[in-house]
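Colleague: This structure is in C-alpha cells; I'll ask about it shortly.
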Amino acid sequence: IIKCFFKELHRSDPFSASFRPFRPFRLSSRLFVFSLPFRSFRFFVTFRKQVPAIHFELGGMERHNKNFNRSLKRAYTPAIVAIVVLLILVFRSKAQAFLIILMIPLGLIGSIWGHFFHGMMISRMSMFGIIALSGIVINDSIVFMDQINRNIREGMKIHQAIYEAGINRLRPILMTTITTVVGLAPILLERSFQAQLVVPMAVTLAWGMIFGSVLILFMLPCYYLLLNDIRFLLERFRKWLIYFYTGKKMQKTTLESVEPAYAEIHLFRGETDNE
C-alpha cells in the first residue's frame with residue numbers, strides 16, 4: 001500500500017487527488033485519514049515532514065482510547081487532589097499526605113505483574129481497577145500512619161512507635177487483603193465469555209492489593225524515618241541560625257519533637273518551644 005501510495009503521489013496532485021485503489025485513505029488539503037497498523041506511525045511522521053500541508057491522525061479504536069484517557073485524567077486528577085486535601089486536614093502535615101500518595105505506585109507494580117502472569121493486556125477495565133486500587137492502598141497507608149502518630153502522642157520513641165505500629169496493624173492490613181483477594185478469586189478463575197469483561201479489573205485489584213499491602217508494611221516505615229531525618233536536620237539548622245544571629249539558645253531537638261503528632265501534645269498543653 002505504501003509503495004503504491006508514493007507512486008500515485010508522484011503522478012498526482014497531493015492536494016486534490018482521489019485515490020480509488022485506496023479506500024482507507026482520504027486526502028485533502030487539510031485532512032489525511034488513514035487506517036494502517038500503529039507501527040506505520042513513524043513512517044507517516046517522516047512523510048509529513050516532507051509534505052507539511054498534509055495532516056494525519058489516528059482513527060477507530062485509537063481515537064476512542066485517546067478520548068477515554070483524556071476523560072479519565074479529568075476525573076482522576078480532581079479525585080487525587082481531594083484525597084490529598086483530606087489527608088492534610090487529618091494528619092496536619094503535607095509531607096505525611098505526600099508519603100501516603102507515594103504508596104499508590106506500589107499497588108500499580110502488583111497490578112502490572114498480575115496482567116503479565118495472566119497473559120493479559122492492560123485494558124479500560126484495568127484502568128477502572130487501578131482507580132479503585134488507589135483508594136484501597138491509601139486506606140492501608142492511613143491505618144498504618146495513624147497508628148504511628150498515636151504511638152508518638154503516647155510518648156514512644158520514633159523507632160519504637162513504628163515498630164509497635166507495624167505489630168498492631170499487621171493483622172488488620174493482611175486480613176483485609178486476604179479477604180478481598182479470596183472474594184475476587186471466583187472472578188479470576190472464571191472462564192466464561194461473560195466474565196472476561198470484568199476479569200482485568202479483578203486482576204488489577206487482587207494482585208495490586210497483594211503487592212501493595214506487603215510493600216506498604218516495609219516501605220512506609222522507611223519513608224517515614226527518611227522524612228523524620230530530613231525534618232530533624234532542617235530543625236537543627238533553623239535553631240543554629242537563630243542562635244547564630246540572636247545568641248538565643250533553643251530547646252534541644254529530638255527525633256520525636258519534629259513530628260506533627262509530638263507538636264500536638266505541646267499545643268494541647270499550652271507549651272511552646274521557647275518555654
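In the C-alpha cells, chains take letters A, B, ... by order of appearance, with residues numbered from 1 within each chain and ligands from 1 in the order shown.
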For the interface of stretch 154-174 of chain A with stretch 215-229 of chain A (cut-off 10 Å, counting only C-alpha atoms), please tabulate each contacting residue of stretch 154-174 of chain A alongside its nearest pair of atoms and their separation in Å to one decimal, rows sorted by chain and increasing number, as JSON lines.
Modeller:
{"residue": "A:Ile158", "atom": "CA", "partner": "A:Leu225", "partner_atom": "CA", "distance": 8.2}
{"residue": "A:His159", "atom": "CA", "partner": "A:Leu225", "partner_atom": "CA", "distance": 8.2}
{"residue": "A:Ile162", "atom": "CA", "partner": "A:Pro221", "partner_atom": "CA", "distance": 6.5}
{"residue": "A:Tyr163", "atom": "CA", "partner": "A:Pro221", "partner_atom": "CA", "distance": 8.6}
{"residue": "A:Ala165", "atom": "CA", "partner": "A:Pro221", "partner_atom": "CA", "distance": 9.4}
{"residue": "A:Gly166", "atom": "CA", "partner": "A:Leu217", "partner_atom": "CA", "distance": 7.0}
{"residue": "A:Ile167", "atom": "CA", "partner": "A:Leu217", "partner_atom": "CA", "distance": 9.9}
{"residue": "A:Arg169", "atom": "CA", "partner": "A:Leu217", "partner_atom": "CA", "distance": 9.0}
{"residue": "A:Leu170", "atom": "CA", "partner": "A:Leu217", "partner_atom": "CA", "distance": 7.6}
{"residue": "A:Ile173", "atom": "CA", "partner": "A:Leu217", "partner_atom": "CA", "distance": 8.8}
{"residue": "A:Leu174", "atom": "CA", "partner": "A:Leu217", "partner_atom": "CA", "distance": 9.7}
Colleague: Can you pull out every residue within 12 Å of A:Ser126, counting only C-alpha atoms, but drop anything in the same chain fewer than 3 positions away, and send it as a PDB file with N, CA, C and O atoms, in the first residue's frame?
Modeller:
ATOM      1  N   LEU A 108       0.356  -0.333  41.873  1.00  0.00           N
ATOM      2  CA  LEU A 108       0.413  -0.431  40.411  1.00  0.00           C
ATOM      3  C   LEU A 108       1.431  -1.469  39.969  1.00  0.00           C
ATOM      4  O   LEU A 108       1.242  -2.146  38.953  1.00  0.00           O
ATOM      5  N   SER A 111      -0.329  -4.776  40.086  1.00  0.00           N
ATOM      6  CA  SER A 111      -1.325  -4.942  39.026  1.00  0.00           C
ATOM      7  C   SER A 111      -0.669  -5.218  37.679  1.00  0.00           C
ATOM      8  O   SER A 111      -1.177  -6.030  36.888  1.00  0.00           O
ATOM      9  N   ILE A 112       0.455  -4.573  37.405  1.00  0.00           N
ATOM     10  CA  ILE A 112       1.159  -4.824  36.141  1.00  0.00           C
ATOM     11  C   ILE A 112       1.696  -6.251  36.094  1.00  0.00           C
ATOM     12  O   ILE A 112       1.577  -6.956  35.078  1.00  0.00           O
ATOM     13  N   GLY A 114       0.469  -8.735  37.716  1.00  0.00           N
ATOM     14  CA  GLY A 114      -0.691  -9.610  37.616  1.00  0.00           C
ATOM     15  C   GLY A 114      -1.154  -9.788  36.184  1.00  0.00           C
ATOM     16  O   GLY A 114      -1.479 -10.909  35.761  1.00  0.00           O
ATOM     17  N   HIS A 115      -1.177  -8.712  35.414  1.00  0.00           N
ATOM     18  CA  HIS A 115      -1.529  -8.827  33.997  1.00  0.00           C
ATOM     19  C   HIS A 115      -0.500  -9.673  33.249  1.00  0.00           C
ATOM     20  O   HIS A 115      -0.848 -10.417  32.328  1.00  0.00           O
ATOM     21  N   MET A 120      -2.453 -10.994  30.073  1.00  0.00           N
ATOM     22  CA  MET A 120      -3.458 -10.020  29.645  1.00  0.00           C
ATOM     23  C   MET A 120      -2.805  -8.686  29.319  1.00  0.00           C
ATOM     24  O   MET A 120      -1.751  -8.350  29.863  1.00  0.00           O
ATOM     25  N   MET A 121      -3.479  -7.949  28.454  1.00  0.00           N
ATOM     26  CA  MET A 121      -3.106  -6.573  28.179  1.00  0.00           C
ATOM     27  C   MET A 121      -3.886  -5.654  29.113  1.00  0.00           C
ATOM     28  O   MET A 121      -4.984  -5.977  29.560  1.00  0.00           O
ATOM     29  N   ILE A 122      -3.300  -4.509  29.422  1.00  0.00           N
ATOM     30  CA  ILE A 122      -3.985  -3.531  30.259  1.00  0.00           C
ATOM     31  C   ILE A 122      -5.086  -2.867  29.423  1.00  0.00           C
ATOM     32  O   ILE A 122      -4.810  -2.251  28.402  1.00  0.00           O
ATOM     33  N   SER A 123      -6.327  -3.026  29.878  1.00  0.00           N
ATOM     34  CA  SER A 123      -7.481  -2.539  29.142  1.00  0.00           C
ATOM     35  C   SER A 123      -8.171  -1.420  29.909  1.00  0.00           C
ATOM     36  O   SER A 123      -7.698  -0.959  30.948  1.00  0.00           O
ATOM     37  N   GLY A 129     -10.014  -0.590  37.525  1.00  0.00           N
ATOM     38  CA  GLY A 129      -9.491  -1.301  38.687  1.00  0.00           C
ATOM     39  C   GLY A 129      -8.373  -0.532  39.373  1.00  0.00           C
ATOM     40  O   GLY A 129      -8.253  -0.556  40.601  1.00  0.00           O
ATOM     41  N   ILE A 130      -7.539   0.154  38.582  1.00  0.00           N
ATOM     42  CA  ILE A 130      -6.446   0.952  39.161  1.00  0.00           C
ATOM     43  C   ILE A 130      -7.008   2.101  39.995  1.00  0.00           C
ATOM     44  O   ILE A 130      -6.475   2.433  41.059  1.00  0.00           O
ATOM     45  N   ILE A 131      -8.099   2.705  39.525  1.00  0.00           N
ATOM     46  CA  ILE A 131      -8.720   3.783  40.300  1.00  0.00           C
ATOM     47  C   ILE A 131      -9.216   3.261  41.645  1.00  0.00           C
ATOM     48  O   ILE A 131      -8.996   3.880  42.692  1.00  0.00           O
ATOM     49  N   ALA A 132      -9.891   2.107  41.629  1.00  0.00           N
ATOM     50  CA  ALA A 132     -10.357   1.513  42.880  1.00  0.00           C
ATOM     51  C   ALA A 132      -9.189   1.090  43.769  1.00  0.00           C
ATOM     52  O   ALA A 132      -9.236   1.233  44.992  1.00  0.00           O
ATOM     53  N   LEU A 133      -8.132   0.570  43.137  1.00  0.00           N
ATOM     54  CA  LEU A 133      -6.956   0.129  43.895  1.00  0.00           C
ATOM     55  C   LEU A 133      -6.291   1.298  44.605  1.00  0.00           C
ATOM     56  O   LEU A 133      -5.746   1.121  45.712  1.00  0.00           O
ATOM     57  N   GLN A 196     -15.235 -12.359  31.105  1.00  0.00           N
ATOM     58  CA  GLN A 196     -13.969 -11.842  30.613  1.00  0.00           C
ATOM     59  C   GLN A 196     -13.916 -10.319  30.624  1.00  0.00           C
ATOM     60  O   GLN A 196     -12.837  -9.731  30.598  1.00  0.00           O
ATOM     61  N   LEU A 197     -15.087  -9.682  30.679  1.00  0.00           N
ATOM     62  CA  LEU A 197     -15.104  -8.227  30.699  1.00  0.00           C
ATOM     63  C   LEU A 197     -14.582  -7.672  32.018  1.00  0.00           C
ATOM     64  O   LEU A 197     -13.890  -6.645  32.046  1.00  0.00           O
ATOM     65  N   VAL A 198     -14.885  -8.347  33.128  1.00  0.00           N
ATOM     66  CA  VAL A 198     -14.502  -7.843  34.450  1.00  0.00           C
ATOM     67  C   VAL A 198     -13.262  -8.528  35.007  1.00  0.00           C
ATOM     68  O   VAL A 198     -12.778  -8.125  36.072  1.00  0.00           O
ATOM     69  N   VAL A 199     -12.738  -9.531  34.331  1.00  0.00           N
ATOM     70  CA  VAL A 199     -11.536 -10.209  34.820  1.00  0.00           C
ATOM     71  C   VAL A 199     -10.345  -9.257  34.927  1.00  0.00           C
ATOM     72  O   VAL A 199      -9.612  -9.292  35.923  1.00  0.00           O
ATOM     73  N   PRO A 200     -10.080  -8.382  33.950  1.00  0.00           N
ATOM     74  CA  PRO A 200      -8.951  -7.445  34.111  1.00  0.00           C
ATOM     75  C   PRO A 200      -9.064  -6.564  35.349  1.00  0.00           C
ATOM     76  O   PRO A 200      -8.059  -6.288  36.004  1.00  0.00           O
ATOM     77  N   MET A 201     -10.279  -6.139  35.690  1.00  0.00           N
ATOM     78  CA  MET A 201     -10.448  -5.337  36.901  1.00  0.00           C
ATOM     79  C   MET A 201     -10.132  -6.160  38.143  1.00  0.00           C
ATOM     80  O   MET A 201      -9.486  -5.674  39.082  1.00  0.00           O
ATOM     81  N   ALA A 202     -10.588  -7.420  38.166  1.00  0.00           N
ATOM     82  CA  ALA A 202     -10.306  -8.287  39.308  1.00  0.00           C
ATOM     83  C   ALA A 202      -8.818  -8.574  39.429  1.00  0.00           C
ATOM     84  O   ALA A 202      -8.270  -8.615  40.545  1.00  0.00           O
ATOM     85  N   VAL A 203      -8.145  -8.765  38.303  1.00  0.00           N
ATOM     86  CA  VAL A 203      -6.695  -8.993  38.325  1.00  0.00           C
ATOM     87  C   VAL A 203      -5.978  -7.776  38.890  1.00  0.00           C
ATOM     88  O   VAL A 203      -5.055  -7.896  39.709  1.00  0.00           O
ATOM     89  N   THR A 204      -6.397  -6.603  38.473  1.00  0.00           N
ATOM     90  CA  THR A 204      -5.772  -5.366  38.973  1.00  0.00           C
ATOM     91  C   THR A 204      -5.944  -5.229  40.480  1.00  0.00           C
ATOM     92  O   THR A 204      -4.982  -4.924  41.203  1.00  0.00           O
ATOM     93  N   LEU A 205      -7.143  -5.470  40.970  1.00  0.00           N
ATOM     94  CA  LEU A 205      -7.407  -5.317  42.399  1.00  0.00           C
ATOM     95  C   LEU A 205      -6.686  -6.378  43.220  1.00  0.00           C
ATOM     96  O   LEU A 205      -6.057  -6.070  44.242  1.00  0.00           O
ATOM     97  N   ALA A 206      -6.777  -7.640  42.788  1.00  0.00           N
ATOM     98  CA  ALA A 206      -6.204  -8.730  43.583  1.00  0.00           C
ATOM     99  C   ALA A 206      -4.678  -8.627  43.666  1.00  0.00           C
ATOM    100  O   ALA A 206      -4.096  -8.594  44.766  1.00  0.00           O
ATOM    101  N   TRP A 207      -4.031  -8.555  42.526  1.00  0.00           N
ATOM    102  CA  TRP A 207      -2.565  -8.507  42.533  1.00  0.00           C
ATOM    103  C   TRP A 207      -2.048  -7.184  43.078  1.00  0.00           C
ATOM    104  O   TRP A 207      -1.003  -7.145  43.749  1.00  0.00           O
ATOM    105  N   GLY A 208      -2.766  -6.107  42.820  1.00  0.00           N
ATOM    106  CA  GLY A 208      -2.350  -4.826  43.367  1.00  0.00           C
ATOM    107  C   GLY A 208      -2.426  -4.793  44.880  1.00  0.00           C
ATOM    108  O   GLY A 208      -1.541  -4.238  45.546  1.00  0.00           O
TER     109      GLY A 208
END
Colleague: Kindly give the distance, in Å, that separates atom CA of A:Lys66 and atom CA of A:Gly135, rounded to a single decimal.
Modeller: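 About the pair atom CA of A:Lys66 and atom CA of A:Gly135: they are 24.4 Å apart.
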Colleague: Determine, using only C-alpha atoms, which residues of stretch 113-140 of chain A have any atom at most 10 Å from an atom of stretch 68-72 of chain A, and tabulate each with its shortest atom pair and distance in Å to one decimal place, rows ordered by chain and then rising number, as a Markdown table.
Modeller:
| residue | atom | partner | partner_atom | distance |
| --- | --- | --- | --- | --- |
| A:Arg124 | CA | A:Phe68 | CA | 8.2 |
| A:Met127 | CA | A:Leu72 | CA | 8.7 |
| A:Phe128 | CA | A:Leu72 | CA | 9.1 |
| A:Ile131 | CA | A:Leu72 | CA | 9.6 |
Colleague: Expressed in Å to a single decimal, how great is the separation between atom CA of A:Glu154 and atom CA of A:Ile100?
Modeller: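 Atom-to-atom, atom CA of A:Glu154 and atom CA of A:Ile100 are spaced 22.3 Å apart.
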Colleague: Neighbouring residues of A:Asn149 were defined as those with any atom within 9 Å, considering only C-alpha atoms; residues of the same chain fewer than 4 positions away were excluded. Please report them as a VMD selection string.
Modeller: chain A and resid 91 144 to 145 153 to 154 161 to 162 165 259 to 262
Colleague: Only N, CA, C and O atoms, please: the residues just picked out, written as a compact mmCIF listing (two decimals), in the first residue's frame.
Modeller:
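Contents of selection-v2.txt, freshly written:
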# COMPACT_ATOMS: atom_id res chain seq x y z
N PHE A 91 -4.05 14.67 59.05
CA PHE A 91 -2.73 14.48 59.64
C PHE A 91 -2.01 15.79 59.96
O PHE A 91 -0.96 15.77 60.60
N PHE A 144 -1.88 2.60 58.93
CA PHE A 144 -0.51 2.46 59.44
C PHE A 144 0.00 3.81 59.96
O PHE A 144 0.56 3.90 61.07
N MET A 145 -0.16 4.87 59.17
CA MET A 145 0.34 6.18 59.56
C MET A 145 -0.34 6.69 60.82
O MET A 145 0.31 7.28 61.70
N ARG A 153 2.20 10.25 70.16
CA ARG A 153 1.45 11.05 71.13
C ARG A 153 1.50 10.43 72.53
O ARG A 153 1.41 11.14 73.53
N GLU A 154 1.59 9.11 72.58
CA GLU A 154 1.66 8.42 73.87
C GLU A 154 3.04 8.49 74.50
O GLU A 154 3.22 7.98 75.61
N ALA A 161 7.78 3.56 68.16
CA ALA A 161 6.43 3.85 67.67
C ALA A 161 6.17 3.15 66.34
O ALA A 161 5.08 2.58 66.13
N ILE A 162 7.14 3.16 65.44
CA ILE A 162 6.97 2.49 64.14
C ILE A 162 6.91 0.98 64.32
O ILE A 162 6.10 0.28 63.69
N ALA A 165 3.56 0.06 65.80
CA ALA A 165 2.50 0.27 64.80
C ALA A 165 2.49 -0.88 63.79
O ALA A 165 1.41 -1.33 63.37
N GLU A 259 8.05 15.86 64.84
CA GLU A 259 6.86 15.26 64.26
C GLU A 259 5.62 16.06 64.62
O GLU A 259 5.52 16.59 65.73
N PRO A 260 4.65 16.18 63.69
CA PRO A 260 3.41 16.92 63.99
C PRO A 260 2.64 16.33 65.17
O PRO A 260 2.00 17.08 65.91
N ALA A 261 2.69 15.01 65.34
CA ALA A 261 1.99 14.39 66.46
C ALA A 261 2.56 14.85 67.79
O ALA A 261 1.82 15.06 68.76
N TYR A 262 3.88 15.02 67.87
CA TYR A 262 4.51 15.50 69.10
C TYR A 262 4.15 16.95 69.34
O TYR A 262 3.94 17.37 70.49
Colleague: What is the atom CA of A:Lys252-atom CA of A:Leu89 distance in Å, reported with one decimal?
Modeller: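 Atom-to-atom, atom CA of A:Lys252 and atom CA of A:Leu89 are spaced 28.3 Å apart.
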Colleague: Nearest to A:Val81: which of A:Leu106, A:Ile101, A:Ile136, A:Met209 is it, counting only C-alpha atoms?
Modeller: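 For A:Val81, the nearest of the candidates is A:Ile101.
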